[in-house]
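A.B. asks: Data file input.pdb (PDB, C-alpha atoms) is appended below.
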```
ATOM      1  CA  MET A   5      -2.184  23.157 -39.864
ATOM      2  CA  LYS A   6       0.237  20.388 -38.903
ATOM      3  CA  PHE A   7       0.700  19.390 -35.262
ATOM      4  CA  GLU A   8       3.942  17.857 -34.100
ATOM      5  CA  LYS A   9       3.867  15.061 -31.574
ATOM      6  CA  GLU A  10       5.733  15.819 -28.364
ATOM      7  CA  VAL A  11       8.803  13.610 -28.083
ATOM      8  CA  HIS A  12       9.615  12.119 -24.686
ATOM      9  CA  ILE A  13      13.289  11.258 -24.259
ATOM     10  CA  LYS A  14      13.823   9.010 -21.267
ATOM     11  CA  PRO A  15      17.253   9.264 -19.614
ATOM     12  CA  ASP A  16      19.410   6.171 -19.133
ATOM     13  CA  VAL A  17      18.875   6.162 -15.385
ATOM     14  CA  TRP A  18      21.325   3.461 -14.394
ATOM     15  CA  ASN A  19      24.236   5.013 -16.309
ATOM     16  CA  MET A  20      23.709   8.623 -15.266
ATOM     17  CA  PRO A  21      25.934  10.058 -12.542
ATOM     18  CA  ASP A  22      24.661  10.550  -9.018
ATOM     19  CA  LYS A  23      23.888  14.228  -8.493
ATOM     20  CA  GLY A  24      22.033  13.995  -5.225
ATOM     21  CA  GLN A  25      22.523  12.907  -1.663
ATOM     22  CA  PRO A  26      23.836   9.386  -1.021
ATOM     23  CA  TRP A  27      20.933   6.970  -0.655
ATOM     24  CA  CYS A  28      22.857   4.658   1.674
ATOM     25  CA  ASP A  29      23.823   6.026   5.067
ATOM     26  CA  CYS A  30      26.493   3.429   5.885
ATOM     27  CA  GLY A  31      29.299   5.784   4.835
ATOM     28  CA  GLU A  32      30.518   3.534   1.999
ATOM     29  CA  ALA A  33      28.962   5.576  -0.868
ATOM     30  CA  HIS A  34      27.276   2.538  -2.450
ATOM     31  CA  GLU A  35      25.968   3.225  -5.919
ATOM     32  CA  LEU A  36      22.304   2.365  -6.295
ATOM     33  CA  SER A  37      21.500  -0.172  -9.019
ATOM     34  CA  ALA A  38      18.283  -1.547 -10.470
ATOM     35  CA  ASP A  39      19.097  -4.897  -8.829
ATOM     36  CA  ILE A  40      19.199  -3.247  -5.403
ATOM     37  CA  VAL A  41      15.849  -1.539  -6.004
ATOM     38  CA  TYR A  42      14.358  -4.880  -7.170
ATOM     39  CA  GLU A  43      15.592  -6.443  -3.905
ATOM     40  CA  PHE A  44      13.791  -3.753  -1.900
ATOM     41  CA  ALA A  45      10.656  -4.346  -4.008
ATOM     42  CA  GLU A  46      10.897  -8.058  -3.260
ATOM     43  CA  GLU A  47      11.166  -7.306   0.476
ATOM     44  CA  LEU A  48       7.933  -5.293   0.167
ATOM     45  CA  ARG A  49       6.375  -8.274  -1.658
ATOM     46  CA  LEU A  50       5.695  -6.248  -4.799
ATOM     47  CA  ASP A  51       4.941  -8.443  -7.806
ATOM     48  CA  PRO A  52       7.227  -7.611 -10.773
ATOM     49  CA  ARG A  53       4.687  -9.245 -13.119
ATOM     50  CA  SER A  54       2.088  -6.586 -12.319
ATOM     51  CA  SER A  55       2.011  -2.825 -12.472
ATOM     52  CA  MET A  56       3.212  -0.652  -9.618
ATOM     53  CA  SER A  57       0.744   1.824  -8.137
ATOM     54  CA  HIS A  58       1.862   5.329  -7.280
ATOM     55  CA  LEU A  59       1.368   4.486  -3.596
ATOM     56  CA  GLN A  60       3.628   1.438  -3.993
ATOM     57  CA  LEU A  61       6.167   3.667  -5.751
ATOM     58  CA  ILE A  62       6.141   5.995  -2.734
ATOM     59  CA  GLU A  63       6.514   3.062  -0.331
ATOM     60  CA  LEU A  64       9.353   1.558  -2.360
ATOM     61  CA  THR A  65      11.227   4.852  -2.552
ATOM     62  CA  MET A  66      10.794   5.390   1.174
ATOM     63  CA  GLU A  67      12.121   1.864   1.806
ATOM     64  CA  VAL A  68      15.177   2.403  -0.404
ATOM     65  CA  TRP A  69      15.944   5.629   1.450
ATOM     66  CA  ASN A  70      15.016   4.200   4.866
ATOM     67  CA  PHE A  71      12.538   7.051   5.446
ATOM     68  CA  GLU A  72       9.798   6.519   8.016
ATOM     69  CA  GLU A  73       8.033   9.707   6.978
ATOM     70  CA  VAL A  74       8.444  12.186   4.164
ATOM     71  CA  CYS A  75       7.751  15.835   3.472
ATOM     72  CA  ARG A  76       6.063  17.483   0.515
ATOM     73  CA  PHE A  77       9.453  18.023  -1.136
ATOM     74  CA  PHE A  78       9.898  14.253  -1.324
ATOM     75  CA  HIS A  79       6.541  13.963  -3.108
ATOM     76  CA  LEU A  80       7.379  16.827  -5.465
ATOM     77  CA  ALA A  81      10.744  15.268  -6.363
ATOM     78  CA  LEU A  82       9.164  11.829  -6.844
ATOM     79  CA  ASN A  83       6.483  13.335  -9.079
ATOM     80  CA  ASP A  84       9.201  15.088 -11.107
ATOM     81  CA  ALA A  85      11.025  11.768 -11.477
ATOM     82  CA  ALA A  86       7.799  10.097 -12.652
ATOM     83  CA  GLN A  87       7.266  12.832 -15.232
ATOM     84  CA  ILE A  88      10.815  12.580 -16.528
ATOM     85  CA  ILE A  89      10.842   8.777 -16.714
ATOM     86  CA  HIS A  90       7.199   7.996 -17.540
ATOM     87  CA  GLY A  91       6.074  11.250 -19.139
ATOM     88  CA  LYS A  92       3.477  11.870 -16.432
ATOM     89  CA  VAL A  93       2.486  11.075 -12.879
ATOM     90  CA  ALA A  94       0.127   8.102 -13.112
ATOM     91  CA  GLU A  95      -1.987   5.883 -10.893
ATOM     92  CA  HIS A  96       0.001   2.846 -12.103
ATOM     93  CA  TYR A  97       3.328   2.269 -13.861
ATOM     94  CA  PRO A  98       4.819  -0.741 -15.601
ATOM     95  CA  PHE A  99       6.932  -2.377 -12.900
ATOM     96  CA  ALA A 100      10.294  -1.746 -14.584
ATOM     97  CA  VAL A 101       9.331   1.906 -15.112
ATOM     98  CA  GLY A 102       8.627   2.214 -11.387
ATOM     99  CA  ILE A 103      12.096   0.834 -10.662
ATOM    100  CA  ASP A 104      13.595   3.432 -13.018
ATOM    101  CA  ILE A 105      11.589   6.213 -11.339
ATOM    102  CA  VAL A 106      13.064   5.214  -7.971
ATOM    103  CA  GLY A 107      16.497   5.227  -9.597
ATOM    104  CA  TYR A 108      16.078   8.674 -11.114
ATOM    105  CA  PHE A 109      14.707  10.071  -7.858
ATOM    106  CA  SER A 110      17.622   8.544  -5.952
ATOM    107  CA  LYS A 111      20.265   9.894  -8.303
ATOM    108  CA  THR A 112      18.828  13.417  -8.177
ATOM    109  CA  TRP A 113      17.334  13.799  -4.658
ATOM    110  CA  GLN A 114      18.800  16.872  -2.966
ATOM    111  CA  GLY A 115      16.770  16.556   0.212
ATOM    112  CA  CYS A 116      14.289  19.044   1.521
ATOM    113  CA  PRO A 117      15.185  22.653   2.253
ATOM    114  CA  GLU A 118      16.021  22.921   5.938
ATOM    115  CA  GLU A 119      14.684  26.451   6.212
ATOM    116  CA  VAL A 120      11.220  25.237   5.165
ATOM    117  CA  CYS A 121      10.739  21.966   7.016
ATOM    118  CA  GLY A 122      13.698  21.620   9.324
ATOM    119  CA  GLY A 123      15.523  19.201   7.039
ATOM    120  CA  ASP A 124      13.372  16.223   8.050
ATOM    121  CA  ASP A 125      12.835  13.804   5.196
TER     122      ASP A 125
END
```
What do you get writing this file as structure tokens?
C.D. replies:
Amino acid sequence: MKFEKEVHIKPDVWNMPDKGQPWCDCGEAHELSADIVYEFAEELRLDPRSSMSHLQLIELTMEVWNFEEVCRFFHLALNDAAQIIHGKVAEHYPFAVGIDIVGYFSKTWQGCPEEVCGGDD
């Protein structure tokens, strides 16, 4: 019996169209780029030479979105982004992969369902 290896195709995050809510609330519809996410990571004093923990990934995503608190839908969407970009939710990610996860999350985040949690992010 021959087993086939599962193929993981990673999307080109920074060239995919935005399908979600705007990440920037200034009204200018700024497109998120990897450089912008790296700037946020630098502000959080994350070291690009080391791996990024899942907790740091959460903190970075919250910083990009200017969220002070998040609901379970945020965590579910971030976990989905990690699975799509990295193949699984992990304790640590290569730094650049973490940046891409934030990008994928940001380009696909639809917010939380208002009827479930009042729309608070």
A.B. asks: Could you write out as AutoDock Vina command-line options the box around range 82-94 of chain A (axis-aligned, all atoms listed in the file, 6 Å on each side), with centre and edge lengths in Å to one decimal?
C.D. replies:
```
--center_x 5.6 --center_y 11.5 --center_z -13.0 --size_x 22.9 --size_y 19.1 --size_z 24.3
```
A.B. asks: Given the file above and the PyMOL selection byres ((chain A and resi 89-102) around 8), which residues are selected, and can you give them as an MDAnalysis selection string?
C.D. replies: chainID A and resid 12 14:15 52:58 61 83 85:88 103:106 108
A.B. asks: Would you put the residues from that selection into a file with C-alpha atoms, as a tab-separated table (two decimals), keeping the file's coordinate frame?
C.D. replies:
```
chain	number	residue	atom	x	y	z
A	12	HIS	CA	9.62	12.12	-24.69
A	14	LYS	CA	13.82	9.01	-21.27
A	15	PRO	CA	17.25	9.26	-19.61
A	52	PRO	CA	7.23	-7.61	-10.77
A	53	ARG	CA	4.69	-9.24	-13.12
A	54	SER	CA	2.09	-6.59	-12.32
A	55	SER	CA	2.01	-2.82	-12.47
A	56	MET	CA	3.21	-0.65	-9.62
A	57	SER	CA	0.74	1.82	-8.14
A	58	HIS	CA	1.86	5.33	-7.28
A	61	LEU	CA	6.17	3.67	-5.75
A	83	ASN	CA	6.48	13.34	-9.08
A	85	ALA	CA	11.02	11.77	-11.48
A	86	ALA	CA	7.80	10.10	-12.65
A	87	GLN	CA	7.27	12.83	-15.23
A	88	ILE	CA	10.82	12.58	-16.53
A	103	ILE	CA	12.10	0.83	-10.66
A	104	ASP	CA	13.60	3.43	-13.02
A	105	ILE	CA	11.59	6.21	-11.34
A	106	VAL	CA	13.06	5.21	-7.97
A	108	TYR	CA	16.08	8.67	-11.11
```
A.B. asks: One decimal, Å: what's the distance from CA of Glu67 in chain A over to CA of Arg49 in chain A, could you say?
C.D. replies: 12.2 Å
A.B. asks: With distances taken over only C-alpha atoms, which of A:Leu82, A:Gly31, A:Gln60, A:Asp39 is nearest to Trp18 in chain A?
C.D. replies: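 Distance minimum relative to Trp18 in chain A lands on A:Asp39.
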A.B. asks: Which residues come within 10 Å of range 69-76 of chain A, counting all atoms listed in the file, excluding same-chain residues fewer than 2 positions away, as a list of chain:residue names?
C.D. replies: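 Listing them by chain and then by number gives A:Pro26, A:Trp27, A:Cys28, A:Asp29, A:Ile62, A:Glu63, A:Leu64, A:Thr65, A:Met66, A:Glu67, A:Phe78, A:His79, A:Leu80, A:Ala81, A:Leu82, A:Val106, A:Ser110, A:Gly115, A:Cys116, A:Cys121, A:Gly123, A:Asp124, A:Asp125.
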A.B. asks: Those residues you just picked out, can you put them in a file as an mmCIF file, keeping the file's coordinate frame with C-alpha atoms?
C.D. replies:
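Produced file selection26.cif, reproduced below:
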```cif
data_model
loop_
_atom_site.group_PDB
_atom_site.id
_atom_site.type_symbol
_atom_site.label_atom_id
_atom_site.label_comp_id
_atom_site.auth_asym_id
_atom_site.auth_seq_id
_atom_site.Cartn_x
_atom_site.Cartn_y
_atom_site.Cartn_z
ATOM 1 C CA PRO A 26 23.836 9.386 -1.021
ATOM 2 C CA TRP A 27 20.933 6.970 -0.655
ATOM 3 C CA CYS A 28 22.857 4.658 1.674
ATOM 4 C CA ASP A 29 23.823 6.026 5.067
ATOM 5 C CA ILE A 62 6.141 5.995 -2.734
ATOM 6 C CA GLU A 63 6.514 3.062 -0.331
ATOM 7 C CA LEU A 64 9.353 1.558 -2.360
ATOM 8 C CA THR A 65 11.227 4.852 -2.552
ATOM 9 C CA MET A 66 10.794 5.390 1.174
ATOM 10 C CA GLU A 67 12.121 1.864 1.806
ATOM 11 C CA PHE A 78 9.898 14.253 -1.324
ATOM 12 C CA HIS A 79 6.541 13.963 -3.108
ATOM 13 C CA LEU A 80 7.379 16.827 -5.465
ATOM 14 C CA ALA A 81 10.744 15.268 -6.363
ATOM 15 C CA LEU A 82 9.164 11.829 -6.844
ATOM 16 C CA VAL A 106 13.064 5.214 -7.971
ATOM 17 C CA SER A 110 17.622 8.544 -5.952
ATOM 18 C CA GLY A 115 16.770 16.556 0.212
ATOM 19 C CA CYS A 116 14.289 19.044 1.521
ATOM 20 C CA CYS A 121 10.739 21.966 7.016
ATOM 21 C CA GLY A 123 15.523 19.201 7.039
ATOM 22 C CA ASP A 124 13.372 16.223 8.050
ATOM 23 C CA ASP A 125 12.835 13.804 5.196
#
```
A.B. asks: What does the structure give for the distance between CA of Cys30 in chain A and CA of Val17 in chain A, in Å to one decimal?
C.D. replies: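 These two atoms are separated by 22.8 Å.
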A.B. asks: CA of Leu59 in chain A and CA of Glu43 in chain A, how far apart in Å?
C.D. replies: 17.9 Å
A.B. asks: Check what the PyMOL selection byres ((chain A and resi 112) around 7) selects in the file above and give those residues as a VMD selection string.
C.D. replies: chain A and resid 22 to 24 108 to 111 113 to 114
A.B. asks: Please produce an output containing C-alpha atoms for each residue in the selection, written as a CSV table (one decimal), keeping the file's coordinate frame.
C.D. replies:
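Result written to part.csv:
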```
chain,number,residue,atom,x,y,z
A,22,ASP,CA,24.7,10.6,-9.0
A,23,LYS,CA,23.9,14.2,-8.5
A,24,GLY,CA,22.0,14.0,-5.2
A,108,TYR,CA,16.1,8.7,-11.1
A,109,PHE,CA,14.7,10.1,-7.9
A,110,SER,CA,17.6,8.5,-6.0
A,111,LYS,CA,20.3,9.9,-8.3
A,113,TRP,CA,17.3,13.8,-4.7
A,114,GLN,CA,18.8,16.9,-3.0
```
A.B. asks: Looking at A:Glu35, A:Asp84, A:Asp51, A:Glu46, which one is nearest to Asn19 in chain A, with distances taken over only C-alpha atoms?
C.D. replies: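 Answer, going by the shortest atom-to-atom distance: A:Glu35.
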A.B. asks: Complete range 84-95 of chain A at the level of all heavy atoms, written as a PDB file, in the coordinates of the input.
C.D. replies:
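Generated file (rebuild00.pdb):
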```
ATOM      1  N   ASP A  84       8.318  14.642 -10.019  1.00  0.00           N
ATOM      2  CA  ASP A  84       9.201  15.088 -11.107  1.00  0.00           C
ATOM      3  C   ASP A  84       9.890  13.897 -11.758  1.00  0.00           C
ATOM      4  O   ASP A  84       9.993  13.821 -12.987  1.00  0.00           O
ATOM      5  CB  ASP A  84      10.259  16.066 -10.591  1.00  0.00           C
ATOM      6  CG  ASP A  84       9.706  17.449 -10.295  1.00  0.00           C
ATOM      7  OD1 ASP A  84       8.568  17.751 -10.713  1.00  0.00           O
ATOM      8  OD2 ASP A  84      10.421  18.227  -9.629  1.00  0.00           O
ATOM      9  N   ALA A  85      10.364  12.966 -10.942  1.00  0.00           N
ATOM     10  CA  ALA A  85      11.025  11.768 -11.477  1.00  0.00           C
ATOM     11  C   ALA A  85      10.053  10.959 -12.330  1.00  0.00           C
ATOM     12  O   ALA A  85      10.417  10.476 -13.413  1.00  0.00           O
ATOM     13  CB  ALA A  85      11.590  10.909 -10.342  1.00  0.00           C
ATOM     14  N   ALA A  86       8.809  10.834 -11.879  1.00  0.00           N
ATOM     15  CA  ALA A  86       7.799  10.097 -12.652  1.00  0.00           C
ATOM     16  C   ALA A  86       7.547  10.784 -13.993  1.00  0.00           C
ATOM     17  O   ALA A  86       7.440  10.120 -15.029  1.00  0.00           O
ATOM     18  CB  ALA A  86       6.501   9.976 -11.859  1.00  0.00           C
ATOM     19  N   GLN A  87       7.494  12.108 -13.979  1.00  0.00           N
ATOM     20  CA  GLN A  87       7.266  12.832 -15.232  1.00  0.00           C
ATOM     21  C   GLN A  87       8.441  12.668 -16.189  1.00  0.00           C
ATOM     22  O   GLN A  87       8.246  12.513 -17.395  1.00  0.00           O
ATOM     23  CB  GLN A  87       6.999  14.298 -14.962  1.00  0.00           C
ATOM     24  CG  GLN A  87       5.617  14.516 -14.393  1.00  0.00           C
ATOM     25  CD  GLN A  87       5.142  15.931 -14.572  1.00  0.00           C
ATOM     26  OE1 GLN A  87       5.580  16.802 -13.841  1.00  0.00           O
ATOM     27  NE2 GLN A  87       4.261  16.132 -15.519  1.00  0.00           N
ATOM     28  N   ILE A  88       9.634  12.701 -15.670  1.00  0.00           N
ATOM     29  CA  ILE A  88      10.815  12.580 -16.528  1.00  0.00           C
ATOM     30  C   ILE A  88      10.939  11.169 -17.089  1.00  0.00           C
ATOM     31  O   ILE A  88      11.243  10.982 -18.267  1.00  0.00           O
ATOM     32  CB  ILE A  88      12.077  13.008 -15.756  1.00  0.00           C
ATOM     33  CG1 ILE A  88      12.034  14.525 -15.548  1.00  0.00           C
ATOM     34  CG2 ILE A  88      13.351  12.583 -16.470  1.00  0.00           C
ATOM     35  CD1 ILE A  88      13.002  15.055 -14.536  1.00  0.00           C
ATOM     36  N   ILE A  89      10.681  10.165 -16.272  1.00  0.00           N
ATOM     37  CA  ILE A  89      10.842   8.777 -16.714  1.00  0.00           C
ATOM     38  C   ILE A  89       9.626   8.259 -17.465  1.00  0.00           C
ATOM     39  O   ILE A  89       9.749   7.585 -18.489  1.00  0.00           O
ATOM     40  CB  ILE A  89      11.150   7.857 -15.508  1.00  0.00           C
ATOM     41  CG1 ILE A  89      12.447   8.271 -14.834  1.00  0.00           C
ATOM     42  CG2 ILE A  89      11.181   6.385 -15.915  1.00  0.00           C
ATOM     43  CD1 ILE A  89      13.669   8.258 -15.726  1.00  0.00           C
ATOM     44  N   HIS A  90       8.431   8.565 -16.970  1.00  0.00           N
ATOM     45  CA  HIS A  90       7.199   7.996 -17.540  1.00  0.00           C
ATOM     46  C   HIS A  90       6.427   8.973 -18.428  1.00  0.00           C
ATOM     47  O   HIS A  90       5.530   8.583 -19.158  1.00  0.00           O
ATOM     48  CB  HIS A  90       6.309   7.487 -16.402  1.00  0.00           C
ATOM     49  CG  HIS A  90       5.102   6.742 -16.839  1.00  0.00           C
ATOM     50  ND1 HIS A  90       5.164   5.574 -17.559  1.00  0.00           N
ATOM     51  CD2 HIS A  90       3.782   6.999 -16.646  1.00  0.00           C
ATOM     52  CE1 HIS A  90       3.941   5.137 -17.790  1.00  0.00           C
ATOM     53  NE2 HIS A  90       3.083   5.984 -17.254  1.00  0.00           N
ATOM     54  N   GLY A  91       6.780  10.251 -18.350  1.00  0.00           N
ATOM     55  CA  GLY A  91       6.074  11.250 -19.139  1.00  0.00           C
ATOM     56  C   GLY A  91       4.937  11.901 -18.386  1.00  0.00           C
ATOM     57  O   GLY A  91       4.406  12.918 -18.808  1.00  0.00           O
ATOM     58  N   LYS A  92       4.548  11.308 -17.257  1.00  0.00           N
ATOM     59  CA  LYS A  92       3.477  11.870 -16.432  1.00  0.00           C
ATOM     60  C   LYS A  92       3.424  11.129 -15.103  1.00  0.00           C
ATOM     61  O   LYS A  92       3.956  10.017 -14.976  1.00  0.00           O
ATOM     62  CB  LYS A  92       2.129  11.749 -17.128  1.00  0.00           C
ATOM     63  CG  LYS A  92       1.692  10.302 -17.344  1.00  0.00           C
ATOM     64  CD  LYS A  92       0.365  10.215 -18.053  1.00  0.00           C
ATOM     65  CE  LYS A  92      -0.009   8.741 -18.263  1.00  0.00           C
ATOM     66  NZ  LYS A  92      -1.297   8.609 -18.910  1.00  0.00           N
ATOM     67  N   VAL A  93       2.790  11.750 -14.134  1.00  0.00           N
ATOM     68  CA  VAL A  93       2.486  11.075 -12.879  1.00  0.00           C
ATOM     69  C   VAL A  93       1.228  10.257 -13.155  1.00  0.00           C
ATOM     70  O   VAL A  93       0.260  10.781 -13.714  1.00  0.00           O
ATOM     71  CB  VAL A  93       2.248  12.087 -11.733  1.00  0.00           C
ATOM     72  CG1 VAL A  93       1.835  11.381 -10.462  1.00  0.00           C
ATOM     73  CG2 VAL A  93       3.502  12.922 -11.514  1.00  0.00           C
ATOM     74  N   ALA A  94       1.240   8.991 -12.789  1.00  0.00           N
ATOM     75  CA  ALA A  94       0.127   8.102 -13.112  1.00  0.00           C
ATOM     76  C   ALA A  94      -0.330   7.336 -11.871  1.00  0.00           C
ATOM     77  O   ALA A  94       0.367   7.291 -10.858  1.00  0.00           O
ATOM     78  CB  ALA A  94       0.558   7.115 -14.201  1.00  0.00           C
ATOM     79  N   GLU A  95      -1.499   6.736 -11.982  1.00  0.00           N
ATOM     80  CA  GLU A  95      -1.987   5.883 -10.893  1.00  0.00           C
ATOM     81  C   GLU A  95      -1.190   4.584 -10.838  1.00  0.00           C
ATOM     82  O   GLU A  95      -0.982   4.030  -9.763  1.00  0.00           O
ATOM     83  CB  GLU A  95      -3.469   5.581 -11.068  1.00  0.00           C
ATOM     84  CG  GLU A  95      -4.361   6.770 -10.793  1.00  0.00           C
ATOM     85  CD  GLU A  95      -5.829   6.411 -10.843  1.00  0.00           C
ATOM     86  OE1 GLU A  95      -6.194   5.294 -10.425  1.00  0.00           O
ATOM     87  OE2 GLU A  95      -6.610   7.250 -11.302  1.00  0.00           O
TER      88      GLU A  95
END
```
